[in-house]
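*Asks:* Next comes work-v4.txt, compact mmCIF, C-alpha atoms:
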```
# COMPACT_ATOMS: atom_id res chain seq x y z
CA MET G 1 87.19 63.81 82.02
CA ASN G 2 86.29 67.46 82.16
CA SER G 3 82.83 67.94 80.79
CA HIS G 4 82.17 71.57 81.57
CA PRO G 5 82.11 73.68 78.42
CA HIS G 6 83.61 76.78 80.02
CA ASN G 7 86.21 75.33 82.29
CA THR G 8 89.67 76.74 81.73
CA PHE G 9 91.22 73.31 81.54
CA ASP G 10 89.15 72.59 78.43
CA SER G 11 90.98 75.22 76.47
CA HIS G 12 94.30 73.78 77.53
CA THR G 13 96.59 73.50 74.57
CA GLY G 14 99.38 72.02 76.57
CA SER G 15 102.65 73.72 77.26
CA GLY G 16 104.49 70.50 77.95
CA SER G 17 103.97 67.07 79.39
CA GLY G 18 104.80 68.36 82.85
CA SER G 19 101.78 70.62 83.17
CA GLY G 20 99.52 67.97 81.70
CA GLU G 21 100.71 65.54 84.31
CA ALA G 22 100.07 68.08 87.03
CA GLU G 23 96.57 68.69 85.76
CA THR G 24 95.88 64.97 85.68
CA THR G 25 96.97 64.66 89.29
CA LEU G 26 94.95 67.69 90.37
CA ARG G 27 91.86 66.39 88.61
CA LEU G 28 92.33 63.06 90.25
CA ILE G 29 92.47 64.74 93.65
CA ALA G 30 89.52 66.99 92.80
CA GLY G 31 87.46 64.03 91.72
CA LEU G 32 87.96 61.98 94.87
CA PRO G 33 84.63 61.18 96.50
CA ALA G 34 83.68 62.64 99.83
CA PRO G 35 83.71 60.22 102.76
CA GLU G 36 80.50 58.45 103.61
CA GLY G 37 78.31 60.05 106.21
CA LEU G 38 79.81 63.52 105.70
CA GLU G 39 76.44 65.19 105.25
CA GLU G 40 74.98 63.56 108.35
CA ARG G 41 77.93 64.60 110.46
CA VAL G 42 77.77 68.16 109.22
CA LYS G 43 74.02 68.31 109.77
CA ALA G 44 74.41 66.88 113.26
CA GLY G 45 77.03 69.48 114.05
CA LEU G 46 74.82 72.27 112.79
CA HIS G 47 71.81 70.96 114.66
CA GLN G 48 73.81 70.78 117.87
CA THR G 49 75.12 74.33 117.43
CA LEU G 50 71.68 75.63 116.53
CA HIS G 51 70.00 74.25 119.63
CA GLN G 52 72.85 74.87 122.07
CA ALA G 53 73.47 78.53 121.58
CA PRO G 54 70.64 81.02 121.44
CA ARG G 55 70.08 82.73 118.19
CA SER G 56 72.46 85.59 117.91
CA ALA G 57 70.54 88.74 117.23
CA SER G 58 71.85 90.62 114.30
CA LEU G 59 69.71 93.65 115.07
CA LEU G 60 69.03 95.53 118.24
CA ARG G 61 65.48 94.86 119.23
CA TRP G 62 64.37 97.85 121.15
CA PRO G 63 61.02 97.83 122.85
CA LEU G 64 60.30 101.05 121.03
CA ALA G 65 61.04 99.45 117.73
CA THR G 66 58.55 96.68 118.31
CA ARG G 67 55.97 98.95 119.89
CA LEU G 68 55.91 101.23 116.89
CA ASP G 69 55.26 98.35 114.54
CA PRO G 70 51.61 98.62 113.68
CA THR G 71 51.26 95.09 112.47
CA ARG G 72 53.06 93.41 115.36
CA SER G 73 52.17 95.45 118.41
CA GLY G 74 53.51 94.12 121.65
CA SER G 75 55.59 91.50 119.93
CA THR G 76 59.19 90.76 120.67
CA GLY G 77 60.02 89.91 117.09
CA ALA G 78 61.48 92.17 114.50
CA GLY G 79 59.52 95.37 114.00
CA TRP G 80 60.15 98.31 111.79
CA MET G 81 63.85 97.89 112.54
CA ASN G 82 63.90 94.98 110.13
CA SER G 83 62.85 97.19 107.28
CA ASN G 84 65.75 98.13 105.07
CA TRP G 85 64.24 101.54 104.45
CA ALA G 86 63.95 102.28 108.18
CA ARG G 87 67.49 101.09 108.84
CA SER G 88 68.82 103.28 106.04
CA ALA G 89 66.88 106.24 107.39
CA ALA G 90 68.24 105.63 110.90
CA ALA G 91 71.78 105.38 109.56
CA ALA G 92 71.32 108.59 107.60
CA ALA G 93 69.98 110.34 110.71
CA ILE G 94 73.00 109.25 112.72
CA VAL G 95 75.36 110.45 110.01
CA PHE G 96 73.46 113.77 109.85
CA VAL G 97 73.69 114.29 113.62
CA VAL G 98 77.40 113.46 113.74
CA ALA G 99 78.21 115.63 110.74
CA GLY G 100 76.10 118.48 112.11
CA GLY G 101 77.84 118.33 115.46
CA GLY G 102 81.19 118.35 113.79
CA TRP G 103 80.24 121.32 111.66
CA GLU G 104 78.98 123.25 114.66
CA VAL G 105 82.24 122.72 116.50
CA TYR G 106 84.19 123.65 113.42
CA SER G 107 82.21 126.82 112.83
CA ARG G 108 82.71 128.00 116.40
CA ILE G 109 86.43 127.84 116.23
CA GLN G 110 87.69 130.99 114.49
CA PRO G 111 91.26 131.18 113.36
CA ALA G 112 93.41 134.04 114.66
CA GLN G 113 92.86 137.15 112.56
CA GLU G 114 95.76 138.49 110.65
CA PRO G 115 96.78 142.12 111.40
CA LYS G 116 95.18 144.56 109.00
CA ALA G 117 98.12 147.05 109.04
CA ILE G 118 101.51 145.88 108.08
CA ALA G 119 104.57 147.81 109.31
CA LEU G 120 106.89 148.36 106.45
CA PRO G 121 110.57 149.21 106.88
CA PRO G 122 111.41 152.94 106.50
CA VAL G 123 112.10 153.97 103.00
CA ALA G 124 114.55 156.67 102.07
CA ALA G 125 112.81 160.05 101.88
CA HIS G 126 114.14 161.11 98.49
CA GLY G 127 114.23 157.77 96.95
CA GLY G 128 117.39 156.33 95.62
CA PHE G 129 119.86 155.13 98.19
CA SER G 130 118.88 154.33 101.69
CA SER G 131 120.71 155.59 104.70
CA ALA G 132 121.93 152.06 105.49
CA ASN G 133 121.73 152.66 109.22
CA ALA G 134 124.01 155.66 109.09
CA ILE G 135 123.45 158.11 111.97
CA ARG G 136 123.46 161.71 111.05
CA THR G 137 125.43 163.70 113.52
CA PRO G 138 125.34 167.48 113.71
CA LYS G 139 128.48 169.47 113.15
CA THR G 140 130.45 169.98 116.28
CA LEU G 141 129.76 173.32 117.99
CA ASN G 142 132.53 175.76 118.63
CA GLY G 143 134.00 175.60 122.03
CA ALA G 144 132.99 177.97 124.81
CA VAL G 145 134.48 181.40 124.50
CA LEU G 146 136.29 182.60 127.58
CA THR G 147 134.89 185.98 128.56
CA HIS G 148 136.49 186.45 132.00
CA PRO G 149 139.94 185.74 133.36
CA LEU G 150 140.35 182.16 134.31
CA ALA G 151 141.50 182.81 137.89
CA ASP G 152 138.43 184.90 138.78
CA ALA G 153 135.84 182.58 137.37
CA VAL G 154 136.90 179.20 138.63
CA ALA G 155 139.49 179.78 141.28
CA GLY G 156 140.29 176.67 143.14
CA LYS G 157 137.97 174.56 140.94
CA LYS G 158 138.67 172.19 138.25
CA ARG G 159 138.90 173.92 134.97
CA PRO G 160 136.68 172.89 132.19
CA ASP G 161 138.09 171.14 129.16
CA SER G 162 137.44 174.11 127.01
CA ALA G 163 139.75 176.14 129.21
CA LYS G 164 142.61 173.70 128.74
CA LYS G 165 142.85 174.12 125.06
CA PRO G 166 144.13 177.69 125.01
CA VAL G 167 146.78 176.77 127.57
CA LYS G 168 147.92 173.82 125.51
CA LYS G 169 147.93 175.98 122.42
CA ALA G 170 149.94 178.59 124.24
CA LYS G 171 152.50 176.03 125.38
CA ALA G 172 152.75 174.61 121.92
CA GLU G 173 153.30 178.01 120.48
CA ALA G 174 155.92 178.75 123.11
CA ALA G 175 157.76 175.56 122.26
CA LYS G 176 157.95 176.49 118.62
CA PRO G 177 161.22 177.93 117.54
CA VAL G 178 161.04 181.60 117.03
CA ALA G 179 161.37 182.50 113.48
CA ALA G 180 163.96 184.98 112.53
CA PRO G 181 162.59 188.51 111.91
CA MET M 1 49.36 80.28 128.99
CA GLU M 2 49.02 82.01 125.67
CA ILE M 3 51.86 81.87 123.26
CA ALA M 4 52.69 85.13 121.56
CA PRO M 5 52.16 85.04 117.80
CA SER M 6 55.62 86.50 117.23
CA ALA M 7 57.23 83.57 119.04
CA VAL M 8 55.40 81.18 116.76
CA GLN M 9 56.53 83.15 113.74
CA ASP M 10 60.11 83.16 114.97
CA GLU M 11 60.04 79.43 115.45
CA ALA M 12 58.55 78.91 112.02
CA ARG M 13 61.17 81.13 110.46
CA GLU M 14 63.96 79.31 112.25
CA GLN M 15 62.53 76.03 111.07
CA VAL M 16 62.54 77.27 107.48
CA GLU M 17 66.08 78.54 107.79
CA GLU M 18 67.24 75.25 109.27
CA GLU M 19 65.66 73.32 106.46
CA ALA M 20 67.27 75.60 103.89
CA LEU M 21 70.61 75.10 105.56
CA GLU M 22 70.21 71.33 105.56
CA ALA M 23 69.32 71.46 101.90
CA LEU M 24 72.55 73.36 101.25
CA VAL M 25 74.51 70.74 103.20
CA GLY M 26 72.94 67.94 101.21
CA GLN M 27 73.59 69.67 97.93
CA TYR M 28 77.08 71.09 98.38
CA ALA M 29 78.86 69.34 101.23
CA SER M 30 80.55 66.93 98.86
CA THR M 31 81.81 69.69 96.57
CA LEU M 32 83.08 71.71 99.49
CA TYR M 33 84.85 68.66 100.88
CA ARG M 34 86.64 68.06 97.58
CA VAL M 35 87.70 71.70 97.39
CA ALA M 36 89.00 71.55 100.95
CA PHE M 37 90.77 68.24 100.38
CA SER M 38 92.53 69.51 97.26
CA ILE M 39 94.29 72.10 99.39
CA LEU M 40 94.62 70.43 102.79
CA ARG M 41 95.02 66.85 101.50
CA ASN M 42 93.89 65.45 104.81
CA PRO M 43 90.38 63.96 105.18
CA SER M 44 89.72 65.03 108.75
CA ASP M 45 91.03 68.56 108.17
CA ALA M 46 88.91 68.85 105.05
CA GLU M 47 85.82 67.71 106.93
CA ASP M 48 86.53 70.21 109.69
CA ALA M 49 86.78 72.94 107.09
CA VAL M 50 83.41 71.96 105.63
CA GLN M 51 81.87 71.98 109.09
CA GLU M 52 83.32 75.40 109.80
CA ALA M 53 82.04 76.72 106.49
CA PHE M 54 78.49 75.67 107.30
CA LEU M 55 78.80 77.10 110.78
CA ARG M 56 79.67 80.43 109.21
CA VAL M 57 76.64 80.10 106.99
CA LEU M 58 74.57 79.38 110.07
CA ARG M 59 75.78 82.57 111.69
CA HIS M 60 74.85 84.57 108.59
CA ARG M 61 71.71 82.69 107.68
CA ASP M 62 69.73 85.91 107.69
CA THR M 63 71.50 86.87 104.48
CA LEU M 64 70.89 83.58 102.70
CA GLY M 65 68.05 85.05 100.71
CA GLU M 66 70.32 87.73 99.26
CA ILE M 67 72.84 85.25 97.82
CA ARG M 68 72.45 84.67 94.12
CA ASP M 69 74.73 81.70 93.56
CA HIS M 70 74.94 79.59 96.69
CA ARG M 71 77.47 77.18 95.24
CA VAL M 72 80.09 79.81 94.40
CA TRP M 73 79.38 81.59 97.66
CA LEU M 74 79.94 78.40 99.68
CA ILE M 75 83.07 77.49 97.72
CA ARG M 76 84.40 80.95 98.41
CA ILE M 77 83.77 80.52 102.14
CA VAL M 78 85.44 77.12 102.33
CA TRP M 79 88.26 78.34 100.11
CA ASN M 80 89.07 81.16 102.52
CA ILE M 81 88.91 78.75 105.45
CA VAL M 82 91.30 76.24 103.90
CA LEU M 83 93.73 78.91 102.78
CA ASP M 84 93.78 80.29 106.28
CA ARG M 85 94.39 76.84 107.74
CA LYS M 86 97.04 76.05 105.17
CA ARG M 87 98.82 79.29 105.98
CA ARG M 88 98.90 78.46 109.67
CA ALA M 89 99.87 74.82 109.24
CA LYS M 90 103.40 73.66 108.75
CA THR M 91 104.59 72.51 105.35
CA ARG M 92 103.17 69.11 104.64
CA PRO M 93 105.88 66.51 103.99
CA GLU M 94 105.72 64.62 100.71
CA THR M 95 105.66 61.27 102.53
CA ASP M 96 102.31 62.18 104.09
CA ASP M 97 100.88 62.77 100.65
CA VAL M 98 102.28 59.47 99.39
CA ALA M 99 100.64 57.55 102.23
CA GLU M 100 97.34 59.39 101.88
CA LEU M 101 97.22 59.07 98.11
CA ALA M 102 98.05 55.37 98.25
CA ARG M 103 95.08 54.99 100.52
CA VAL M 104 92.53 57.05 98.64
CA LEU M 105 93.47 56.63 94.98
CA PRO M 106 91.26 54.26 93.02
CA ALA M 107 92.90 50.88 92.40
CA HIS M 108 91.63 50.20 88.85
CA GLY M 109 93.12 46.73 88.87
CA LEU M 110 96.63 47.92 89.64
CA SER M 111 99.00 45.81 91.62
CA ALA M 112 100.15 47.00 95.00
CA GLU M 113 103.53 48.02 93.60
CA GLN M 114 102.02 49.94 90.71
CA ARG M 115 99.68 51.66 93.07
CA ALA M 116 102.51 52.68 95.35
CA ALA M 117 104.50 53.98 92.40
CA ALA M 118 101.49 55.96 91.16
CA ALA M 119 100.94 57.42 94.60
CA GLN M 120 104.59 58.41 94.78
CA ASN M 121 104.42 60.06 91.37
CA HIS M 122 101.27 61.98 92.24
CA ALA M 123 102.76 63.07 95.54
CA HIS M 124 105.83 64.36 93.73
CA VAL M 125 103.65 66.33 91.32
CA LEU M 126 101.72 67.79 94.24
CA ALA M 127 104.97 68.82 95.89
CA CYS M 128 105.85 70.69 92.69
CA VAL M 129 102.39 72.29 92.68
CA ASP M 130 103.10 73.51 96.20
CA GLN M 131 106.20 75.25 94.92
CA LEU M 132 104.20 77.41 92.53
CA PRO M 133 103.50 81.01 93.52
CA ALA M 134 100.27 81.26 95.49
CA LYS M 135 98.26 83.07 92.81
CA GLU M 136 99.13 80.62 90.07
CA ARG M 137 98.71 77.62 92.37
CA GLU M 138 95.23 78.67 93.48
CA VAL M 139 94.02 79.07 89.92
CA MET M 140 95.52 75.76 88.90
CA VAL M 141 93.94 73.86 91.80
CA LEU M 142 90.50 75.37 91.25
CA SER M 143 90.69 74.79 87.51
CA ALA M 144 90.90 71.08 88.17
CA PHE M 145 87.27 71.13 89.33
CA GLU M 146 85.28 70.32 86.28
CA GLU M 147 82.10 71.88 87.60
CA LEU M 148 83.69 75.29 87.97
CA THR M 149 83.78 77.62 85.01
CA SER M 150 86.50 80.21 84.63
CA VAL M 151 83.93 82.89 85.53
CA GLU M 152 83.13 81.04 88.74
CA ILE M 153 86.81 80.57 89.54
CA ALA M 154 87.25 84.31 89.04
CA SER M 155 84.35 84.93 91.38
CA VAL M 156 85.76 82.62 94.05
CA LEU M 157 89.17 84.27 93.87
CA GLY M 158 87.82 87.79 93.47
CA ILE M 159 89.67 88.46 90.22
CA THR M 160 88.71 88.89 86.58
CA GLU M 161 88.29 86.04 84.15
CA SER M 162 91.20 87.24 82.05
CA SER M 163 93.38 87.14 85.15
CA VAL M 164 92.33 83.54 85.68
CA ARG M 165 93.41 82.64 82.17
CA SER M 166 96.73 84.47 82.34
CA ARG M 167 97.54 82.97 85.74
CA LEU M 168 96.69 79.52 84.49
CA PHE M 169 98.96 80.01 81.51
CA ARG M 170 101.82 81.03 83.78
CA ALA M 171 101.10 78.15 86.14
CA ARG M 172 101.31 75.62 83.34
CA ASN M 173 104.63 76.96 82.12
CA LEU M 174 106.06 77.06 85.62
CA MET M 175 104.78 73.58 86.34
CA ALA M 176 106.41 72.18 83.24
CA ASP M 177 109.71 73.80 84.19
CA LEU M 178 109.50 72.51 87.76
CA LEU M 179 108.75 68.95 86.75
CA ASN M 180 111.44 68.92 84.06
CA HIS M 181 113.95 70.32 86.51
CA SER M 182 113.09 67.80 89.22
CA ARG M 183 113.32 64.92 86.73
CA SER M 184 116.72 66.04 85.54
CA LEU M 185 117.93 66.02 89.12
CA ARG M 186 116.67 62.50 89.74
```
So that I can check it, write out the structure of this file as structure tokens.
*Replies:*
Amino acid sequence: MNSHPHNTFDSHTGSGSGSGEAETTLRLIAGLPAPEGLEERVKAGLHQTLHQAPRSASLLRWPLATRLDPTRSGSTGAGWMNSNWARSAAAAAIVFVVAGGGWEVYSRIQPAQEPKAIALPPVAAHGGFSSANAIRTPKTLNGAVLTHPLADAVAGKKRPDSAKKPVKKAKAEAAKPVAAP
Amino acid sequence: MEIAPSAVQDEAREQVEEEALEALVGQYASTLYRVAFSILRNPSDAEDAVQEAFLRVLRHRDTLGEIRDHRVWLIRIVWNIVLDRKRRAKTRPETDDVAELARVLPAHGLSAEQRAAAAQNHAHVLACVDQLPAKEREVMVLSAFEELTSVEIASVLGITESSVRSRLFRARNLMADLLNHSRSLR
């Protein structure tokens, strides 16, 4: 039934009676004739569509496009816009303009500059171990030395802390048991 | 009133395009119908699909000159239309196929009973074909068209020729399994 030399069914070796039966059925369906008058109906449909709706323009027909056509001046038909070369050139020009605009915008936007100097954490002066946040405190100064009698200097006033210490020391010494001579 | 020369040229061009389109209808409408019917299995739906295919061609008639193989191009258009319709339609019951096949199958001197039995058998086979995976089914249905080579089938489906062959091989094996299984259940 199949007469085409390169059809895939021709090289069928058969993988079982089932597939052969299926192919017979499918060929039978594929070989059914088309109904009578199909072509006329399709042509009538096309003719009706063609004369009902105006021809849909696939290209923009600018007046400029037709005016610039040297061979068809003043015409409303397709001008230089129908030329593939001109359409490619127009497309390339549009791409160029869009890309150029994008590049201009991109080039105007400058990213925030990074600081040139970087603050490093303090390093120990002599190398080796760091101070580890330890605060150096100076040695405590000696207390104030009493040069005048206490009663004359600050009579009736509150005595400074430094003045208390000798009194406390004196009391403590008085409380100590007297050692035997 | 003077008629612009461009208007005359437009009319002449449209006339040429219309004639070319009518020539395509005359040459390929039957093939397209058979392709559509093999999938839709309904005469009116198949005819609608053919009409729609030529309407699409009408809309893109400016590109007709760029097409190398009109037959494959048209089959591809109608194939996409019928697949789309098949996808949207509900599953076709087997009884519909039986009735339709009994009506359209050639008699060849068969009695009415034999014809009914043949139609039933074919409808059952078609129901099994419908159970195949889409890729294998499409290749199997298109391979049944004797005028289509495997290269053309590959072109219609947008795959390579080796894919056509491997899918057809799988389809045959699956088909044999399906039919054997359904017979064992009967």
*Asks:* CA of Ala99 (chain M) and CA of Glu113 (chain M), how far apart in Å?
*Replies:*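 So the answer is 13.2 Å.
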*Asks:* So that I can check the surroundings of Glu19 (chain M), please list as a ChimeraX atom specification every protein, DNA and RNA residue that reaches within 12 Å of it, counting only C-alpha atoms and ignoring chain neighbours fewer than 4 positions away.
*Replies:* /G:43,46-47,50 /M:12-15,23-26,58,61
*Asks:* So which one's closest to chain M, G:Ser83, G:Ser19, G:Ser107, G:Thr147? Using only C-alpha atoms, please.
*Replies:*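 Looking at the shortest contact to chain M, the residue is G:Ser19.
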*Asks:* Contacts of region 30-34 of chain G at 7 Å or less, counting only C-alpha atoms, minus same-chain residues fewer than 4 places along, as a PyMOL selection string?
*Replies:* (chain G and resi 26) or (chain M and resi 30+33-35+38+144-145)
*Asks:* Any idea what the distance is between CA of Val156 (chain M) and CA of Gly45 (chain G)?
*Replies:*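 CA of Val156 (chain M) sits 25.5 Å away from CA of Gly45 (chain G).
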*Asks:* Out of M:Arg87, M:Arg41, M:His70, M:Arg76, which residue has the shortest atom-to-atom distance to chain G when counting all atoms listed in the file?
*Replies:*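 Smallest separation from chain G among the options: M:Arg41.
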*Asks:* Grab the CA of Arg165 (chain M) to CA of Asn80 (chain M) distance for me, in Å with one decimal place.
*Replies:* 20.9 Å
*Asks:* Pick the closest to chain G from M:Ala117, M:Ala134, M:Leu110, M:Leu105: which is it, counting all atoms listed in the file?
*Replies:*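 Checking each candidate against chain G, we get M:Leu105 as the closest.
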*Asks:* Select all residues near (101.0, 85.9, 91.8) (cut-off 12 Å, inclusive, file coordinates), counting only C-alpha atoms, and output them as a PyMOL selection string.
*Replies:* chain M and resi 132-140+159+163-164+166-168+170-171+174
*Asks:* Name the closest residue to Glu100 (chain M) among the candidates G:Leu146, G:Ile29, G:Ala22, G:Val105; distances are taken between atoms, counting only C-alpha atoms.
*Replies:* G:Ile29
*Asks:* Using only C-alpha atoms, which of M:Lys86, M:Asp45, M:Glu22, M:Val16 sits nearest chain G?
*Replies:*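 Between M:Lys86, M:Asp45, M:Glu22, M:Val16, the residue approaching chain G most closely is M:Glu22.
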*Asks:* Scan for residues within 9 Å of the point (99.2, 50.7, 92.6) in the coordinates of the file, using all atoms listed in the file, and reply as a list in words.
*Replies:*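 Residues lying no farther than 9 Å from the given point: Ala102, Leu105, Pro106, Ala107, His108, Gly109, Leu110, Ser111, Ala112, Glu113, Gln114, Arg115, Ala116, Ala117, Ala118 and Ala119 of chain M.
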*Asks:* With all atoms listed in the file as the atoms that count, which of M:Asn121, M:Gln131, M:Gln51, M:Ser182 lies nearest to chain G?
*Replies:*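 Of M:Asn121, M:Gln131, M:Gln51, M:Ser182, the one nearest chain G is M:Gln51, counting all atoms listed in the file.
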*Asks:* Find the residues around Leu40 (chain M) up to 10 Å (all atoms listed in the file counted), leave out those fewer than 6 positions away in its own chain, and share them as a list in words.
*Replies:* Arg34, Ala46, Ala49, Val82, Leu83, Arg85, Lys86, Ala89 and Arg92 of chain M
